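This is data-v2.txt (compact mmCIF, C-alpha atoms).
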# COMPACT_ATOMS: atom_id res chain seq x y z
CA MET A 1 69.41 141.56 69.15
CA ALA A 2 72.33 142.95 71.14
CA SER A 3 70.06 145.65 72.55
CA ARG A 4 67.37 143.13 73.44
CA VAL A 5 69.58 140.52 75.06
CA ALA A 6 71.09 142.30 78.02
CA ALA A 7 73.91 140.92 80.15
CA ARG A 8 71.85 139.78 83.09
CA GLY A 9 70.17 136.62 84.35
CA SER A 10 66.86 135.27 83.16
CA ALA A 11 63.70 136.14 85.01
CA GLN A 12 61.13 133.44 85.69
CA ALA A 13 58.73 133.34 82.78
CA PRO A 14 55.08 133.48 83.97
CA GLY A 15 53.59 130.02 83.99
CA ALA A 16 56.76 128.36 82.68
CA PRO A 17 57.20 124.67 83.51
CA GLU A 18 59.56 123.74 86.30
CA GLY A 19 62.52 121.88 84.75
CA HIS A 20 64.02 118.72 86.16
CA GLN A 21 67.49 118.89 87.60
CA VAL A 22 70.10 118.73 84.85
CA ARG A 23 72.69 116.15 85.93
CA LYS A 24 74.08 114.71 82.73
CA ALA A 25 76.10 115.97 79.80
CA ILE A 26 77.21 114.62 76.43
CA ILE A 27 80.53 115.78 74.96
CA PRO A 28 81.00 114.78 71.27
CA LEU A 29 84.67 114.03 70.61
CA ALA A 30 84.69 111.63 67.67
CA GLY A 31 85.55 114.08 64.89
CA LEU A 32 88.47 113.20 62.65
CA GLY A 33 90.43 116.32 63.57
CA SER A 34 91.37 116.65 59.88
CA ARG A 35 92.11 120.38 60.19
CA LEU A 36 94.73 119.65 62.86
CA LEU A 37 96.63 116.85 61.12
CA PRO A 38 99.23 115.49 61.59
CA ALA A 39 98.95 116.33 65.31
CA THR A 40 95.67 114.36 65.47
CA LYS A 41 96.92 111.30 63.60
CA VAL A 42 97.53 109.52 66.92
CA VAL A 43 96.31 111.97 69.57
CA PRO A 44 92.56 112.77 69.42
CA LYS A 45 91.90 116.48 69.10
CA GLY A 46 90.07 116.56 72.43
CA MET A 47 93.31 115.45 74.09
CA LEU A 48 95.50 118.13 72.52
CA PRO A 49 96.89 120.37 75.30
CA LEU A 50 95.94 123.95 75.99
CA ALA A 51 98.81 124.98 78.27
CA ASP A 52 99.02 122.09 80.74
CA LYS A 53 95.60 120.44 80.34
CA PRO A 54 93.92 118.73 77.40
CA VAL A 55 91.01 120.54 75.76
CA VAL A 56 88.45 118.02 77.03
CA GLN A 57 89.42 118.61 80.65
CA TYR A 58 88.48 122.29 80.47
CA ILE A 59 85.07 121.25 79.15
CA VAL A 60 84.53 118.62 81.85
CA GLU A 61 85.56 121.19 84.49
CA GLU A 62 82.98 123.62 83.08
CA ALA A 63 80.24 120.99 83.34
CA ALA A 64 81.24 120.07 86.89
CA ALA A 65 81.26 123.75 87.92
CA ALA A 66 77.61 123.98 86.80
CA GLY A 67 76.68 121.05 89.04
CA LEU A 68 76.63 118.28 86.43
CA THR A 69 77.71 114.96 87.88
CA ASP A 70 77.56 112.45 84.99
CA ILE A 71 79.34 113.01 81.69
CA LEU A 72 79.34 110.86 78.56
CA LEU A 73 82.25 111.27 76.16
CA VAL A 74 81.33 110.22 72.62
CA THR A 75 84.68 109.19 71.18
CA GLY A 76 86.05 107.45 68.14
CA ALA A 77 88.20 104.34 68.28
CA ASP A 78 90.52 106.20 70.69
CA ARG A 79 88.30 105.97 73.77
CA LYS A 80 91.11 104.31 75.76
CA THR A 81 93.00 107.61 75.69
CA PHE A 82 90.10 109.38 77.38
CA ASP A 83 89.53 106.52 79.83
CA ALA A 84 93.19 106.68 80.81
CA HIS A 85 93.19 110.45 81.30
CA PHE A 86 90.16 110.56 83.58
CA GLY A 87 90.89 107.24 85.31
CA PRO A 88 93.34 106.38 88.08
CA ALA A 89 97.07 106.04 87.39
CA PRO A 90 98.32 104.07 90.41
CA GLU A 91 101.92 103.65 89.24
CA LEU A 92 102.35 107.34 88.41
CA GLU A 93 100.64 108.30 91.67
CA ARG A 94 103.01 106.05 93.60
CA LEU A 95 106.08 107.57 91.98
CA LEU A 96 104.89 111.12 92.57
CA ALA A 97 104.17 110.36 96.23
CA GLU A 98 107.57 108.71 96.73
CA ARG A 99 109.37 111.70 95.22
CA GLY A 100 107.40 114.29 97.14
CA TYR A 101 105.64 115.82 94.14
CA HIS A 102 102.54 116.60 96.17
CA GLU A 103 101.27 119.45 93.99
CA ALA A 104 101.36 117.25 90.88
CA LEU A 105 99.68 114.46 92.84
CA GLY A 106 96.90 116.87 93.76
CA GLU A 107 96.41 117.80 90.11
CA LEU A 108 95.94 114.13 89.24
CA ALA A 109 93.42 113.71 92.05
CA THR A 110 91.45 116.71 90.76
CA THR A 111 91.31 115.21 87.27
CA THR A 112 89.92 111.87 88.40
CA GLY A 113 87.40 113.42 90.81
CA LEU A 114 85.64 115.92 88.54
CA ALA A 115 82.59 113.80 87.66
CA ARG A 116 81.48 110.29 86.78
CA ILE A 117 82.92 109.86 83.29
CA SER A 118 81.63 107.30 80.81
CA CYS A 119 82.59 106.72 77.17
CA VAL A 120 80.78 105.40 74.13
CA ALA A 121 82.29 104.94 70.69
CA GLN A 122 80.93 106.50 67.51
CA ASP A 123 82.42 104.02 65.07
CA GLU A 124 82.29 106.45 62.13
CA PRO A 125 81.80 110.24 62.33
CA ARG A 126 78.31 110.92 61.01
CA GLY A 127 77.70 114.36 62.44
CA LEU A 128 76.84 115.90 65.77
CA GLY A 129 73.28 114.64 65.62
CA ASP A 130 74.46 111.04 65.37
CA ALA A 131 76.98 111.61 68.19
CA VAL A 132 74.26 112.97 70.48
CA LEU A 133 71.95 110.08 69.59
CA ARG A 134 74.61 107.68 70.94
CA GLY A 135 73.77 109.07 74.38
CA ALA A 136 70.04 108.34 74.30
CA ASP A 137 70.17 105.32 76.62
CA TYR A 138 72.63 107.07 78.92
CA VAL A 139 70.43 110.16 79.30
CA GLY A 140 67.04 108.46 79.41
CA ALA A 141 64.09 110.82 79.97
CA GLU A 142 66.05 113.62 81.65
CA PRO A 143 67.03 117.03 80.32
CA PHE A 144 70.76 117.12 79.62
CA ALA A 145 73.56 119.34 78.39
CA ILE A 146 75.60 119.09 75.20
CA LEU A 147 79.09 120.62 75.24
CA PHE A 148 80.95 120.60 71.95
CA GLY A 149 84.42 119.12 72.30
CA ASP A 150 86.37 121.88 70.54
CA ASN A 151 85.00 124.96 72.33
CA VAL A 152 86.58 126.22 75.56
CA LEU A 153 84.83 129.10 77.34
CA ARG A 154 86.57 131.83 79.31
CA GLY A 155 85.22 134.53 81.57
CA PRO A 156 83.71 134.93 85.03
CA GLU A 157 80.18 133.80 84.21
CA ASN A 158 78.91 130.23 84.46
CA LEU A 159 77.09 130.01 81.12
CA LEU A 160 75.74 126.51 81.74
CA ALA A 161 74.21 127.59 85.05
CA ARG A 162 72.42 130.45 83.25
CA MET A 163 71.19 128.04 80.60
CA ILE A 164 69.91 125.57 83.18
CA ALA A 165 68.06 128.42 84.91
CA ALA A 166 66.54 129.42 81.56
CA ARG A 167 65.46 125.81 80.99
CA SER A 168 63.75 125.86 84.41
CA ALA A 169 61.98 129.08 83.45
CA TYR A 170 60.98 128.32 79.87
CA GLY A 171 61.15 124.54 79.48
CA GLY A 172 62.16 122.98 76.18
CA THR A 173 65.70 123.48 74.93
CA ILE A 174 68.15 126.33 75.53
CA LEU A 175 70.97 127.29 73.14
CA ALA A 176 73.96 129.55 73.68
CA LEU A 177 74.32 132.19 70.97
CA THR A 178 76.93 134.61 69.74
CA GLU A 179 77.13 137.17 66.93
CA ILE A 180 79.63 136.80 64.08
CA PRO A 181 80.26 138.69 60.84
CA ARG A 182 77.74 137.69 58.17
CA SER A 183 80.62 136.71 55.90
CA GLU A 184 81.39 133.79 58.25
CA VAL A 185 77.92 132.23 58.57
CA SER A 186 78.38 129.67 55.78
CA SER A 187 80.23 127.31 58.13
CA ARG A 188 77.84 127.67 61.09
CA GLY A 189 74.38 126.85 62.41
CA VAL A 190 72.50 130.17 62.13
CA VAL A 191 69.35 131.06 64.09
CA ALA A 192 66.23 133.04 63.38
CA PHE A 193 64.70 134.49 66.54
CA GLU A 194 62.18 136.83 68.12
CA PRO A 195 62.27 138.63 71.47
CA THR A 196 60.59 137.45 74.65
CA SER A 197 59.46 139.50 77.65
CA ASP A 198 62.95 138.94 79.10
CA PRO A 199 65.65 140.94 77.29
CA ALA A 200 68.18 138.25 78.23
CA VAL A 201 66.31 135.49 76.36
CA VAL A 202 65.08 135.13 72.78
CA ARG A 203 62.78 132.54 71.23
CA ILE A 204 64.37 130.59 68.39
CA THR A 205 62.02 130.21 65.44
CA ASP A 206 64.35 128.40 63.03
CA LEU A 207 67.90 127.11 62.59
CA VAL A 208 69.71 126.86 59.28
CA GLU A 209 72.87 124.80 58.91
CA LYS A 210 75.68 126.41 56.87
CA PRO A 211 73.59 128.87 54.82
CA THR A 212 75.06 131.29 52.34
CA ALA A 213 75.41 134.87 53.58
CA ALA A 214 72.42 135.84 51.44
CA GLU A 215 70.22 133.01 52.76
CA ALA A 216 71.14 133.33 56.45
CA PRO A 217 68.23 134.51 58.63
CA SER A 218 70.64 136.48 60.86
CA ASN A 219 74.30 136.64 61.80
CA TRP A 220 73.69 135.00 65.19
CA ILE A 221 74.91 131.43 65.54
CA MET A 222 74.52 128.62 68.02
CA ILE A 223 77.80 127.84 69.72
CA GLY A 224 78.86 124.65 71.38
CA ARG A 225 76.52 124.63 74.39
CA CYS A 226 72.93 123.36 74.60
CA VAL A 227 70.62 122.30 77.41
CA CYS A 228 68.23 119.91 75.70
CA ASP A 229 64.88 118.35 76.31
CA PRO A 230 65.11 114.56 75.84
CA ALA A 231 62.54 114.90 73.04
CA ILE A 232 65.55 115.67 70.83
CA PHE A 233 66.32 111.94 70.65
CA ARG A 234 63.09 110.95 68.90
CA ILE A 235 63.61 113.82 66.46
CA LEU A 236 67.19 112.76 65.73
CA ARG A 237 66.09 109.19 64.98
CA ASP A 238 63.94 110.56 62.13
CA THR A 239 66.38 113.22 60.91
CA PRO A 240 67.84 112.40 57.48
CA ALA A 241 71.46 113.03 56.63
CA GLY A 242 72.06 116.55 55.38
CA HIS A 243 75.07 118.55 54.22
CA GLY A 244 78.14 116.32 53.93
CA GLY A 245 76.13 113.15 54.55
CA GLU A 246 75.95 113.95 58.27
CA ILE A 247 73.02 114.09 60.69
CA HIS A 248 72.98 117.68 61.84
CA LEU A 249 71.96 118.58 65.37
CA SER A 250 70.74 121.94 64.09
CA ASP A 251 68.18 120.23 61.83
CA ALA A 252 66.66 118.43 64.81
CA LEU A 253 66.70 121.62 66.88
CA GLY A 254 64.81 123.37 64.09
CA VAL A 255 62.09 120.71 64.32
CA LEU A 256 61.95 121.09 68.10
CA ALA A 257 61.53 124.84 67.75
CA ALA A 258 58.25 124.23 65.88
CA LEU A 259 56.85 121.64 68.31
CA ARG A 260 54.35 122.31 71.08
CA GLU A 261 55.72 122.55 74.62
CA ASP A 262 53.76 119.46 75.72
CA ARG A 263 55.80 117.45 73.19
CA GLY A 264 59.13 118.74 74.44
CA GLY A 265 59.22 121.61 71.96
CA GLY A 266 60.21 125.21 72.29
CA VAL A 267 63.79 126.44 71.81
CA HIS A 268 65.17 129.59 73.43
CA GLY A 269 68.56 131.26 73.32
CA VAL A 270 70.83 133.13 75.71
CA VAL A 271 73.92 135.09 74.71
CA LEU A 272 77.44 134.13 75.66
CA ARG A 273 78.98 136.95 77.73
CA GLY A 274 82.52 135.64 77.96
CA ARG A 275 85.06 134.46 75.41
CA ARG A 276 84.89 131.32 73.30
CA LEU A 277 88.16 129.68 72.34
CA ASP A 278 87.77 127.54 69.23
CA THR A 279 90.33 124.73 69.02
CA GLY A 280 89.07 123.09 65.85
CA ASN A 281 91.71 124.31 63.39
CA THR A 282 95.37 125.24 63.51
CA GLN A 283 95.04 129.03 63.52
CA ASP A 284 92.30 129.07 66.18
CA TYR A 285 94.11 126.47 68.27
CA ILE A 286 97.27 128.60 68.35
CA ARG A 287 95.27 131.72 69.20
CA ALA A 288 93.46 129.83 71.98
CA THR A 289 96.78 128.64 73.42
CA VAL A 290 98.25 132.14 73.51
CA GLU A 291 95.09 133.74 74.92
CA LEU A 292 94.79 131.14 77.65
CA ALA A 293 98.47 131.50 78.57
CA CYS A 294 98.09 135.27 78.82
CA SER A 295 95.09 134.87 81.16
CA ARG A 296 96.79 132.48 83.58
CA PRO A 297 98.59 134.33 86.43
CA ASP A 298 100.90 131.34 86.97
CA ILE A 299 102.00 131.47 83.30
CA ALA A 300 101.56 135.10 82.24
CA GLY A 301 104.15 136.50 84.65
CA GLU A 302 106.98 135.09 82.55
CA PHE A 303 105.20 134.51 79.27
CA LEU A 304 103.79 137.99 78.63
CA PRO A 305 107.14 139.86 78.87
CA TRP A 306 108.68 137.28 76.55
CA LEU A 307 105.77 137.60 74.10
CA ARG A 308 105.97 141.40 74.03
CA HIS A 309 109.71 141.24 73.42
CA TYR A 310 109.28 138.65 70.67
CA VAL A 311 106.59 140.70 68.90
CA ARG A 312 108.80 143.82 69.05
CA GLU A 313 111.63 141.86 67.48
CA LEU A 314 109.34 140.81 64.64
CA GLY A 315 108.77 144.49 63.93
Rendering of file as structure tokens:
Amino acid sequence: MASRVAARGSAQAPGAPEGHQVRKAIIPLAGLGSRLLPATKVVPKGMLPLADKPVVQYIVEEAAAAGLTDILLVTGADRKTFDAHFGPAPELERLLAERGYHEALGELATTTGLARISCVAQDEPRGLGDAVLRGADYVGAEPFAILFGDNVLRGPENLLARMIAARSAYGGTILALTEIPRSEVSSRGVVAFEPTSDPAVVRITDLVEKPTAAEAPSNWIMIGRCVCDPAIFRILRDTPAGHGGEIHLSDALGVLAALREDRGGGVHGVVLRGRRLDTGNTQDYIRATVELACSRPDIAGEFLPWLRHYVRELG
């Protein structure tokens, strides 16, 4: 697949349907954060900081950079934390202004002005499919994006913009894909695929949730970005609970892949070119923090020399 999916944009597929503008996104954030306890006992994992911003803010910034204007956060019982972060803070703003902290005041203004943020509660975590279904009324009949709440993307490309362009070219649903070692597929949603006339795009023929290494159709997985046809909602309503008693988004996507285009079917994939920082467990969260710090010019100038010295001392 790596040879077929080149690092370039998608060409217009002959006769492909013209997609509607993608304006809305759903960000699922209601997971228990059990792999990050006790840090997530009070603070939801989407609000844990990477450097000086919470994880969810990076994801909202990514959506806004792709032109999305309306974002639904699917939270647990902690929605007030998210409301407070993306809402105004008049008392704090007053104090910052009085004390001349204009740069900090500007950062607050940027946070509140990224997009129109709404929240809905998922009273009990029942899987990504159930979380996405909570956004059915919010999305309506429009295509929309799904951005998983524990994946932060790095790199110069705007992956969502590429996916939206692929949706315009091919219709249906577009997934972001990456290759992993086959030994790691048992915790992922794995895709089967075939090439298209565009080496930057593949057609997804099936998705398998958490297969064994022997059963996996490939070692290519869907990562936390989708641009979906609204037909996904009617599929999710009929999707039974699967592994772990959860409604899996990948099961519904597998059904969509087999549907005709005039019923909202067809699923294609594009490959992530940049880096994906996983923040869903302690080891990955620490790695993500260090990698992000090393990539920030305003942090790396002091942090990198310290880190090199510290690693040398460890021997």
Note to self: Report, in Å with one decimal, the straight-line distance from atom CA of Glu107 of chain A to atom CA of Glu93 of chain A.
What the structure shows: 10.5 Å
Item checked: Top pick for closest residue to Arg263 of chain A, considering A:Ile71, A:Ile232, A:Leu277, A:Val55 and counting only C-alpha atoms -> A:Ile232
Next item on the list: Find the distance between atom CA of Leu159 of chain A and atom CA of Ala176 of chain A and write it in Å to one decimal.
Entry: 8.1 Å
Check: Which is closest to Val60 of chain A among A:Gly149, A:Gly140, A:Gly129, A:Gly87, if we use all atoms listed in the file?
Finding: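 Counting all atoms listed in the file, the residue closest to Val60 of chain A is A:Gly149.
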Item checked: Near-Arg35 of chain A list (7 Å; only C-alpha atoms; drop same-chain fewer than 4 positions) as number ranges by chain -> A: 280-282
Item checked: Atomic separation - atom CA of Asp284 of chain A relative to atom CA of Val190 of chain A, Å ->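 Straight-line distance from atom CA of Val190 of chain A to atom CA of Asp284 of chain A works out to 20.2 Å.
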Check: Need the neighbours of (81.2, 104.7, 64.5): which residues are at most 9 Å away, counting all atoms listed in the file, as a list in words?
Finding: Ala30, Thr75, Gly76, Ala77, Ala121, Gln122, Asp123, Glu124, Pro125, Arg126 and Ala131 of chain A
Note to self: Considering only C-alpha atoms, can you say which of A:Val43, A:Ala231, A:Ile286, A:Ala51 comes closest to Glu261 of chain A?
What the structure shows: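 Using only C-alpha atoms, Glu261 of chain A sits closest to A:Ala231.
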Next item on the list: Determine, counting only C-alpha atoms, which protein, DNA and RNA residues have an atom within 12 Å of an atom of Asp52 of chain A; residues of the same chain fewer than 5 positions away are not included. Present the result as a list of chain:residue names.
Entry: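 The filter keeps A:Met47, A:Gln57, A:Tyr58, A:Ala104, A:Glu107, A:Thr289, A:Leu292, A:Ala293, A:Arg296, A:Asp298, A:Ile299.
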Next item on the list: Determine, counting only C-alpha atoms, every residue of protein, DNA or RNA that lies within 6 Å of (62.1, 130.8, 70.2) in the file coordinates, then give the result as an MDAnalysis selection string.
Entry: chainID A and resid 193 202:205 267:268
Item checked: Residue with smallest distance to Arg116 of chain A - pool A:Leu133, A:Ala64, A:Ala252, A:Ile146, counting all atoms listed in the file ->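 Of all the options, A:Ala64 lies closest to Arg116 of chain A.
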Check: Of the candidates A:Arg167, A:His85, A:Arg99, A:Lys80, which shows the shortest atom-to-atom distance to Asp229 of chain A, using all atoms listed in the file?
Finding: A:Arg167
Item checked: Near-Asn158 of chain A list (10 Å; all atoms listed in the file; drop same-chain fewer than 6 positions) as a list in words ->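 So, after excluding close chain neighbours, the residues are Glu62, Ala63, Ala65, Ala66, Leu272, Arg273 and Gly274 of chain A.
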Item checked: Selection: 12 Å around Thr239 of chain A, only C-alpha atoms, excl. self and same-chain fewer than 3 positions, as a ChimeraX atom specification -> /A:127-130,133,232-236,242,245-256
Pull C-alpha atoms from the residues just selected and write them as an mmCIF file, keeping the file's coordinate frame.
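The resulting file, result.cif, is reproduced below:
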data_model
loop_
_atom_site.group_PDB
_atom_site.id
_atom_site.type_symbol
_atom_site.label_atom_id
_atom_site.label_comp_id
_atom_site.auth_asym_id
_atom_site.auth_seq_id
_atom_site.Cartn_x
_atom_site.Cartn_y
_atom_site.Cartn_z
ATOM 1 C CA GLY A 127 77.700 114.360 62.440
ATOM 2 C CA LEU A 128 76.840 115.900 65.770
ATOM 3 C CA GLY A 129 73.280 114.640 65.620
ATOM 4 C CA ASP A 130 74.460 111.040 65.370
ATOM 5 C CA LEU A 133 71.950 110.080 69.590
ATOM 6 C CA ILE A 232 65.550 115.670 70.830
ATOM 7 C CA PHE A 233 66.320 111.940 70.650
ATOM 8 C CA ARG A 234 63.090 110.950 68.900
ATOM 9 C CA ILE A 235 63.610 113.820 66.460
ATOM 10 C CA LEU A 236 67.190 112.760 65.730
ATOM 11 C CA GLY A 242 72.060 116.550 55.380
ATOM 12 C CA GLY A 245 76.130 113.150 54.550
ATOM 13 C CA GLU A 246 75.950 113.950 58.270
ATOM 14 C CA ILE A 247 73.020 114.090 60.690
ATOM 15 C CA HIS A 248 72.980 117.680 61.840
ATOM 16 C CA LEU A 249 71.960 118.580 65.370
ATOM 17 C CA SER A 250 70.740 121.940 64.090
ATOM 18 C CA ASP A 251 68.180 120.230 61.830
ATOM 19 C CA ALA A 252 66.660 118.430 64.810
ATOM 20 C CA LEU A 253 66.700 121.620 66.880
ATOM 21 C CA GLY A 254 64.810 123.370 64.090
ATOM 22 C CA VAL A 255 62.090 120.710 64.320
ATOM 23 C CA LEU A 256 61.950 121.090 68.100
#
Next item on the list: Compile the contact shell of Gly135 of chain A as a list in words: residues with an atom at most 8 Å away, counting only C-alpha atoms, same-chain residues fewer than 4 positions apart removed.
Entry: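 Non-adjacent residues within range: Ile26, Leu72, Val74, Val120, Ala131 and Val139 of chain A.
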Check: Of the candidates A:Leu314, A:Val270, A:Ala141, A:Ala213, which one gets nearest to Ile174 of chain A if we count only C-alpha atoms?
Finding: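 Among the listed residues, A:Val270 lies closest to Ile174 of chain A.
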Rebuild N, CA and C atoms on segment 100-123 of chain A, as a short mmCIF file (atom, residue, chain, number, x, y, z; two decimals), keeping the file's coordinate frame?
data_model
loop_
_atom_site.label_atom_id
_atom_site.label_comp_id
_atom_site.auth_asym_id
_atom_site.auth_seq_id
_atom_site.Cartn_x
_atom_site.Cartn_y
_atom_site.Cartn_z
N GLY A 100 107.83 113.06 96.49
CA GLY A 100 107.40 114.29 97.14
C GLY A 100 106.77 115.32 96.23
N TYR A 101 106.27 114.89 95.06
CA TYR A 101 105.64 115.82 94.14
C TYR A 101 104.15 115.96 94.50
N HIS A 102 103.89 116.59 95.63
CA HIS A 102 102.54 116.60 96.17
C HIS A 102 101.59 117.49 95.34
N GLU A 103 102.12 118.58 94.80
CA GLU A 103 101.27 119.45 93.99
C GLU A 103 100.81 118.71 92.73
N ALA A 104 101.72 118.02 92.07
CA ALA A 104 101.36 117.25 90.88
C ALA A 104 100.39 116.13 91.23
N LEU A 105 100.58 115.52 92.39
CA LEU A 105 99.68 114.46 92.84
C LEU A 105 98.27 115.02 93.04
N GLY A 106 98.20 116.23 93.58
CA GLY A 106 96.90 116.87 93.76
C GLY A 106 96.21 117.16 92.44
N GLU A 107 96.99 117.56 91.43
CA GLU A 107 96.41 117.80 90.11
C GLU A 107 95.81 116.53 89.54
N LEU A 108 96.49 115.41 89.72
CA LEU A 108 95.94 114.13 89.24
C LEU A 108 94.64 113.79 89.96
N ALA A 109 94.62 114.01 91.27
CA ALA A 109 93.42 113.71 92.05
C ALA A 109 92.25 114.56 91.59
N THR A 110 92.51 115.83 91.26
CA THR A 110 91.45 116.71 90.76
C THR A 110 90.89 116.18 89.44
N THR A 111 91.75 115.72 88.57
CA THR A 111 91.31 115.21 87.27
C THR A 111 90.37 114.02 87.41
N THR A 112 90.72 113.10 88.27
CA THR A 112 89.92 111.87 88.40
C THR A 112 88.65 112.10 89.21
N GLY A 113 88.56 113.21 89.95
CA GLY A 113 87.40 113.42 90.81
C GLY A 113 86.40 114.43 90.31
N LEU A 114 86.51 114.85 89.04
CA LEU A 114 85.64 115.92 88.54
C LEU A 114 84.18 115.49 88.43
N ALA A 115 83.95 114.29 87.91
CA ALA A 115 82.59 113.80 87.66
C ALA A 115 82.67 112.32 87.36
N ARG A 116 81.51 111.69 87.23
CA ARG A 116 81.48 110.29 86.78
C ARG A 116 81.55 110.31 85.25
N ILE A 117 82.66 109.81 84.74
CA ILE A 117 82.92 109.86 83.29
C ILE A 117 82.65 108.50 82.67
N SER A 118 81.86 108.50 81.60
CA SER A 118 81.63 107.30 80.81
C SER A 118 82.00 107.60 79.36
N CYS A 119 82.25 106.56 78.59
CA CYS A 119 82.59 106.72 77.17
C CYS A 119 81.74 105.79 76.32
N VAL A 120 81.41 106.25 75.13
CA VAL A 120 80.78 105.40 74.13
C VAL A 120 81.42 105.74 72.80
N ALA A 121 81.61 104.73 71.96
CA ALA A 121 82.29 104.94 70.69
C ALA A 121 81.29 105.24 69.58
N GLN A 122 81.62 106.24 68.77
CA GLN A 122 80.93 106.50 67.51
C GLN A 122 81.84 105.93 66.43
N ASP A 123 81.48 104.76 65.91
CA ASP A 123 82.42 104.02 65.07
C ASP A 123 82.83 104.76 63.81
#
